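Peer 1: Next up, work_9.txt (compact mmCIF, N, CA and C atoms).
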```
# COMPACT_ATOMS: atom_id res chain seq x y z
N MET A 838 60.20 26.43 -16.03
CA MET A 838 59.47 25.35 -16.68
C MET A 838 59.28 24.21 -15.69
N THR A 839 58.18 23.53 -15.84
CA THR A 839 57.92 22.36 -15.00
C THR A 839 58.74 21.17 -15.51
N VAL A 840 58.80 20.13 -14.70
CA VAL A 840 59.51 18.92 -15.10
C VAL A 840 58.88 18.35 -16.38
N THR A 841 57.56 18.35 -16.46
CA THR A 841 56.87 17.83 -17.64
C THR A 841 57.22 18.64 -18.89
N GLU A 842 57.24 19.95 -18.76
CA GLU A 842 57.58 20.81 -19.90
C GLU A 842 59.02 20.58 -20.34
N VAL A 843 59.92 20.48 -19.39
CA VAL A 843 61.33 20.23 -19.72
C VAL A 843 61.47 18.86 -20.38
N ARG A 844 60.77 17.88 -19.86
CA ARG A 844 60.83 16.52 -20.42
C ARG A 844 60.38 16.53 -21.87
N ARG A 845 59.27 17.20 -22.16
CA ARG A 845 58.78 17.28 -23.54
C ARG A 845 59.80 18.00 -24.44
N THR A 846 60.42 19.03 -23.92
CA THR A 846 61.42 19.77 -24.68
C THR A 846 62.63 18.89 -24.97
N ILE A 847 63.07 18.14 -23.99
CA ILE A 847 64.21 17.23 -24.18
C ILE A 847 63.87 16.19 -25.25
N ILE A 848 62.68 15.63 -25.19
CA ILE A 848 62.27 14.63 -26.18
C ILE A 848 62.24 15.24 -27.58
N GLU A 849 61.71 16.45 -27.70
CA GLU A 849 61.69 17.12 -29.00
C GLU A 849 63.12 17.35 -29.51
N SER A 850 63.99 17.72 -28.61
CA SER A 850 65.39 17.95 -28.98
C SER A 850 66.07 16.65 -29.40
N MET A 851 65.76 15.57 -28.70
CA MET A 851 66.34 14.26 -29.06
C MET A 851 65.91 13.87 -30.47
N LEU A 852 64.66 14.12 -30.82
CA LEU A 852 64.17 13.82 -32.16
C LEU A 852 64.85 14.73 -33.18
N ALA A 853 64.91 16.02 -32.89
CA ALA A 853 65.51 16.98 -33.82
C ALA A 853 66.98 16.68 -34.10
N CYS A 854 67.67 16.13 -33.11
CA CYS A 854 69.10 15.81 -33.27
C CYS A 854 69.34 14.39 -33.77
N GLY A 855 68.28 13.69 -34.12
CA GLY A 855 68.42 12.35 -34.68
C GLY A 855 68.82 11.28 -33.68
N MET A 856 68.51 11.50 -32.42
CA MET A 856 68.89 10.56 -31.38
C MET A 856 67.84 9.48 -31.17
N ILE A 857 66.60 9.78 -31.51
CA ILE A 857 65.51 8.83 -31.39
C ILE A 857 64.68 8.87 -32.67
N SER A 858 63.95 7.79 -32.91
CA SER A 858 63.08 7.70 -34.08
C SER A 858 61.71 8.33 -33.77
N GLU A 859 60.94 8.53 -34.80
CA GLU A 859 59.59 9.07 -34.61
C GLU A 859 58.73 8.16 -33.74
N PRO A 860 58.74 6.83 -33.95
CA PRO A 860 57.95 5.97 -33.05
C PRO A 860 58.40 6.08 -31.58
N GLU A 861 59.69 6.16 -31.35
CA GLU A 861 60.19 6.31 -29.98
C GLU A 861 59.77 7.67 -29.42
N HIS A 862 59.81 8.70 -30.23
CA HIS A 862 59.36 10.04 -29.85
C HIS A 862 57.89 9.98 -29.41
N GLN A 863 57.05 9.33 -30.21
CA GLN A 863 55.63 9.23 -29.89
C GLN A 863 55.41 8.45 -28.58
N ARG A 864 56.17 7.37 -28.40
CA ARG A 864 56.04 6.56 -27.18
C ARG A 864 56.42 7.38 -25.95
N LEU A 865 57.52 8.11 -26.04
CA LEU A 865 57.98 8.89 -24.89
C LEU A 865 57.04 10.05 -24.57
N GLN A 866 56.47 10.65 -25.62
CA GLN A 866 55.54 11.77 -25.40
C GLN A 866 54.22 11.28 -24.80
N SER A 867 53.81 10.08 -25.16
CA SER A 867 52.50 9.60 -24.69
C SER A 867 52.56 8.92 -23.33
N ASP A 868 53.73 8.47 -22.90
CA ASP A 868 53.87 7.77 -21.63
C ASP A 868 54.81 8.55 -20.72
N GLU A 869 54.22 9.30 -19.79
CA GLU A 869 55.02 10.16 -18.91
C GLU A 869 55.96 9.38 -18.00
N ASN A 870 55.73 8.08 -17.83
CA ASN A 870 56.59 7.26 -17.00
C ASN A 870 57.70 6.58 -17.79
N ALA A 871 57.63 6.63 -19.11
CA ALA A 871 58.65 6.00 -19.94
C ALA A 871 59.98 6.72 -19.73
N ASP A 872 61.04 5.95 -19.75
CA ASP A 872 62.36 6.53 -19.54
C ASP A 872 63.30 5.98 -20.59
N VAL A 873 64.43 6.66 -20.76
CA VAL A 873 65.46 6.23 -21.70
C VAL A 873 66.81 6.36 -21.00
N ASP A 874 67.58 5.30 -21.05
CA ASP A 874 68.97 5.34 -20.58
C ASP A 874 69.76 6.03 -21.69
N LEU A 875 70.23 7.24 -21.43
CA LEU A 875 70.89 8.03 -22.47
C LEU A 875 72.16 7.36 -22.99
N ALA A 876 72.84 6.61 -22.15
CA ALA A 876 74.05 5.90 -22.60
C ALA A 876 73.72 4.86 -23.65
N SER A 877 72.51 4.30 -23.60
CA SER A 877 72.12 3.28 -24.57
C SER A 877 71.93 3.86 -25.97
N LEU A 878 71.84 5.17 -26.08
CA LEU A 878 71.65 5.81 -27.39
C LEU A 878 72.95 5.92 -28.17
N GLN A 879 74.07 5.63 -27.53
CA GLN A 879 75.39 5.66 -28.18
C GLN A 879 75.62 6.97 -28.93
N ILE A 880 75.54 8.06 -28.19
CA ILE A 880 75.68 9.40 -28.76
C ILE A 880 77.16 9.71 -28.95
N ASP A 881 77.55 10.05 -30.18
CA ASP A 881 78.95 10.41 -30.41
C ASP A 881 79.19 11.85 -29.98
N SER A 882 80.45 12.24 -29.95
CA SER A 882 80.82 13.55 -29.42
C SER A 882 80.25 14.71 -30.24
N ILE A 883 80.15 14.56 -31.52
CA ILE A 883 79.58 15.63 -32.35
C ILE A 883 78.09 15.78 -32.06
N LYS A 884 77.40 14.67 -31.96
CA LYS A 884 75.96 14.71 -31.70
C LYS A 884 75.66 15.27 -30.32
N ILE A 885 76.49 14.96 -29.33
CA ILE A 885 76.22 15.47 -27.98
C ILE A 885 76.42 16.99 -27.94
N VAL A 886 77.37 17.50 -28.70
CA VAL A 886 77.55 18.96 -28.77
C VAL A 886 76.34 19.60 -29.45
N ASP A 887 75.89 19.00 -30.55
CA ASP A 887 74.69 19.51 -31.24
C ASP A 887 73.48 19.48 -30.32
N TRP A 888 73.33 18.38 -29.59
CA TRP A 888 72.20 18.24 -28.67
C TRP A 888 72.27 19.29 -27.57
N CYS A 889 73.45 19.50 -27.03
CA CYS A 889 73.65 20.49 -25.98
C CYS A 889 73.23 21.88 -26.49
N MET A 890 73.66 22.23 -27.68
CA MET A 890 73.33 23.54 -28.26
C MET A 890 71.82 23.66 -28.53
N ASP A 891 71.21 22.58 -29.01
CA ASP A 891 69.77 22.59 -29.27
C ASP A 891 69.00 22.76 -27.97
N LEU A 892 69.42 22.05 -26.92
CA LEU A 892 68.76 22.19 -25.62
C LEU A 892 68.90 23.61 -25.08
N GLU A 893 70.07 24.18 -25.22
CA GLU A 893 70.28 25.56 -24.75
C GLU A 893 69.30 26.52 -25.43
N ALA A 894 69.14 26.35 -26.74
CA ALA A 894 68.23 27.23 -27.48
C ALA A 894 66.77 27.00 -27.06
N LYS A 895 66.39 25.75 -26.91
CA LYS A 895 65.00 25.43 -26.57
C LYS A 895 64.65 25.76 -25.12
N LEU A 896 65.62 25.58 -24.21
CA LEU A 896 65.37 25.82 -22.79
C LEU A 896 65.74 27.24 -22.36
N ASN A 897 66.42 27.96 -23.25
CA ASN A 897 66.86 29.32 -22.96
C ASN A 897 67.71 29.39 -21.69
N ARG A 898 68.64 28.44 -21.61
CA ARG A 898 69.59 28.41 -20.49
C ARG A 898 70.83 27.65 -20.94
N GLU A 899 71.93 27.89 -20.26
CA GLU A 899 73.16 27.17 -20.57
C GLU A 899 73.05 25.72 -20.12
N VAL A 900 73.51 24.82 -20.96
CA VAL A 900 73.53 23.40 -20.64
C VAL A 900 74.94 22.89 -20.90
N GLN A 901 75.55 22.33 -19.88
CA GLN A 901 76.90 21.78 -19.99
C GLN A 901 76.83 20.31 -20.40
N ILE A 902 77.79 19.89 -21.19
CA ILE A 902 77.85 18.49 -21.60
C ILE A 902 77.92 17.58 -20.37
N GLU A 903 78.64 18.01 -19.35
CA GLU A 903 78.75 17.22 -18.12
C GLU A 903 77.39 16.97 -17.49
N GLU A 904 76.47 17.94 -17.60
CA GLU A 904 75.13 17.76 -17.05
C GLU A 904 74.39 16.64 -17.78
N LEU A 905 74.63 16.53 -19.08
CA LEU A 905 73.99 15.48 -19.87
C LEU A 905 74.56 14.12 -19.51
N VAL A 906 75.84 14.07 -19.22
CA VAL A 906 76.50 12.80 -18.88
C VAL A 906 76.13 12.36 -17.46
N GLU A 907 76.15 13.29 -16.53
CA GLU A 907 75.88 12.96 -15.13
C GLU A 907 74.42 12.56 -14.89
N ASN A 908 73.51 13.14 -15.64
CA ASN A 908 72.08 12.83 -15.50
C ASN A 908 71.72 11.91 -16.66
N ASP A 909 71.98 10.63 -16.46
CA ASP A 909 72.08 9.66 -17.54
C ASP A 909 70.78 9.00 -17.99
N SER A 910 69.65 9.58 -17.62
CA SER A 910 68.38 9.08 -18.15
C SER A 910 67.50 10.29 -18.47
N LEU A 911 66.51 10.06 -19.30
CA LEU A 911 65.59 11.13 -19.67
C LEU A 911 64.93 11.73 -18.44
N ASN A 912 64.45 10.89 -17.54
CA ASN A 912 63.74 11.40 -16.36
C ASN A 912 64.67 12.14 -15.40
N LYS A 913 65.88 11.63 -15.19
CA LYS A 913 66.85 12.32 -14.33
C LYS A 913 67.20 13.68 -14.91
N LEU A 914 67.46 13.71 -16.22
CA LEU A 914 67.83 14.96 -16.87
C LEU A 914 66.68 15.96 -16.82
N SER A 915 65.47 15.49 -16.99
CA SER A 915 64.30 16.37 -16.93
C SER A 915 64.18 17.02 -15.55
N ARG A 916 64.32 16.21 -14.52
CA ARG A 916 64.24 16.75 -13.15
C ARG A 916 65.38 17.74 -12.90
N TYR A 917 66.58 17.38 -13.33
CA TYR A 917 67.74 18.24 -13.09
C TYR A 917 67.59 19.59 -13.80
N LEU A 918 67.23 19.57 -15.06
CA LEU A 918 67.16 20.81 -15.84
C LEU A 918 65.96 21.67 -15.46
N SER A 919 64.97 21.10 -14.79
CA SER A 919 63.82 21.89 -14.37
C SER A 919 64.05 22.56 -13.03
N ALA A 920 65.07 22.12 -12.30
CA ALA A 920 65.34 22.69 -10.96
C ALA A 920 65.87 24.11 -11.04
```
Output the structure of this file as C-alpha cells.
Peer 2:
Amino acid sequence: MTVTEVRRTIIESMLACGMISEPEHQRLQSDENADVDLASLQIDSIKIVDWCMDLEAKLNREVQIEELVENDSLNKLSRYLSA
C-alpha cells in the first residue's frame, strides 16, 4: 500500500474506534497535509488494543502497540506502516 492508502486506512480505523469525530475524519481525509499528534487523543489502554487489532485487520499485517506509540503522529505512522 502507498503512504496515502495507509493514511486513509488509519483515519478510517481511528473513526471506527471512536478516536476522532466525523468532522475531524472529514478534515483529515480532505487535507493530505493535516496531521494529528496521537498522544493528544488521550487513548486509553483498551482503546489502543482495539485500534491495534482494527489496523491489523484493515492493513492485513501485524501491528505492535509499540509501533503506534513510537510513531506518534498520523503522518509518521502512515509512513512507517507503508514501508
Peer 1: Looking at A:Gly855, A:Leu896, A:Leu914, A:His862, which one is nearest to Gln879 of chain A, with distances taken over only C-alpha atoms?
Peer 2: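 Once distances to Gln879 of chain A are computed over only C-alpha atoms, the minimum belongs to A:Gly855.
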Peer 1: In the coordinates of the file, take the point (64.2, 22.3, -13.9) and a cut-off of 6 Å; then, counting only N, CA and C atoms, name each qualifying protein, DNA or RNA residue as a CSV table (one decimal) with N, CA and C atoms, keeping the file's coordinate frame.
Peer 2:
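Done, and the output landed in point35.csv:
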```csv
chain,number,residue,atom,x,y,z
A,838,MET,N,60.2,26.4,-16.0
A,838,MET,CA,59.5,25.4,-16.7
A,838,MET,C,59.3,24.2,-15.7
A,839,THR,N,58.2,23.5,-15.8
A,839,THR,CA,57.9,22.4,-15.0
A,839,THR,C,58.7,21.2,-15.5
A,840,VAL,N,58.8,20.1,-14.7
A,840,VAL,CA,59.5,18.9,-15.1
A,840,VAL,C,58.9,18.4,-16.4
A,915,SER,N,65.5,15.5,-17.0
A,915,SER,CA,64.3,16.4,-16.9
A,915,SER,C,64.2,17.0,-15.6
A,916,ARG,N,64.3,16.2,-14.5
A,916,ARG,CA,64.2,16.8,-13.2
A,916,ARG,C,65.4,17.7,-12.9
A,917,TYR,N,66.6,17.4,-13.3
A,917,TYR,CA,67.7,18.2,-13.1
A,917,TYR,C,67.6,19.6,-13.8
A,918,LEU,N,67.2,19.6,-15.1
A,918,LEU,CA,67.2,20.8,-15.8
A,918,LEU,C,66.0,21.7,-15.5
A,919,SER,N,65.0,21.1,-14.8
A,919,SER,CA,63.8,21.9,-14.4
A,919,SER,C,64.0,22.6,-13.0
A,920,ALA,N,65.1,22.1,-12.3
A,920,ALA,CA,65.3,22.7,-11.0
A,920,ALA,C,65.9,24.1,-11.0
```
Peer 1: Please run DSSP on the backbone and report, as an MDAnalysis selection string, all residues within segment 846-919 of chain A that come out as helix (DSSP H, G or I).
Peer 2: chainID A and resid 846:853 859:867 875:878 882:896 902:907 911:919
Peer 1: Need the shell around Glu899 of chain A: protein/DNA/RNA residues with any atom at most 10 Å away, counting only C-alpha atoms. Skip same-chain ones fewer than 3 positions apart. Format as a VMD selection string?
Peer 2: chain A and resid 889 to 890 892 to 894 896 902 918
Peer 1: Could you check how far atom CA of Ile848 of chain A sits from atom CA of Gln863 of chain A, in Å to one decimal?
Peer 2: 9.3 Å
Peer 1: Find the residues around segment 867-878 of chain A up to 6 Å (all atoms listed in the file counted), leave out those fewer than 6 positions away in its own chain, and share them as a list in words.
Peer 2: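 Those residues are Asp909, Ser910, Leu911 and Asn912 of chain A.
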Peer 1: Atom CA of Asp881 of chain A and atom N of Met856 of chain A are how many Å apart?
Peer 2: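 Computing the Euclidean distance for atom CA of Asp881 of chain A and atom N of Met856 of chain A yields 10.7 Å.
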Peer 1: Which is closer to Asp887 of chain A than all the others in A:Met851, A:Leu865, A:Val906, A:Ile857, using only C-alpha atoms?
Peer 2: A:Met851
Peer 1: May I ask which of the residues A:Cys854, A:Ile885, A:Ile880, A:Val843 is the closest one to Glu904 of chain A, counting only C-alpha atoms?
Peer 2: A:Ile885
Peer 1: As an exercise, work out the distance from atom C of Ala853 of chain A to atom N of Leu905 of chain A in Å and give it to one decimal place.
Peer 2: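 A separation of 16.9 Å between them.
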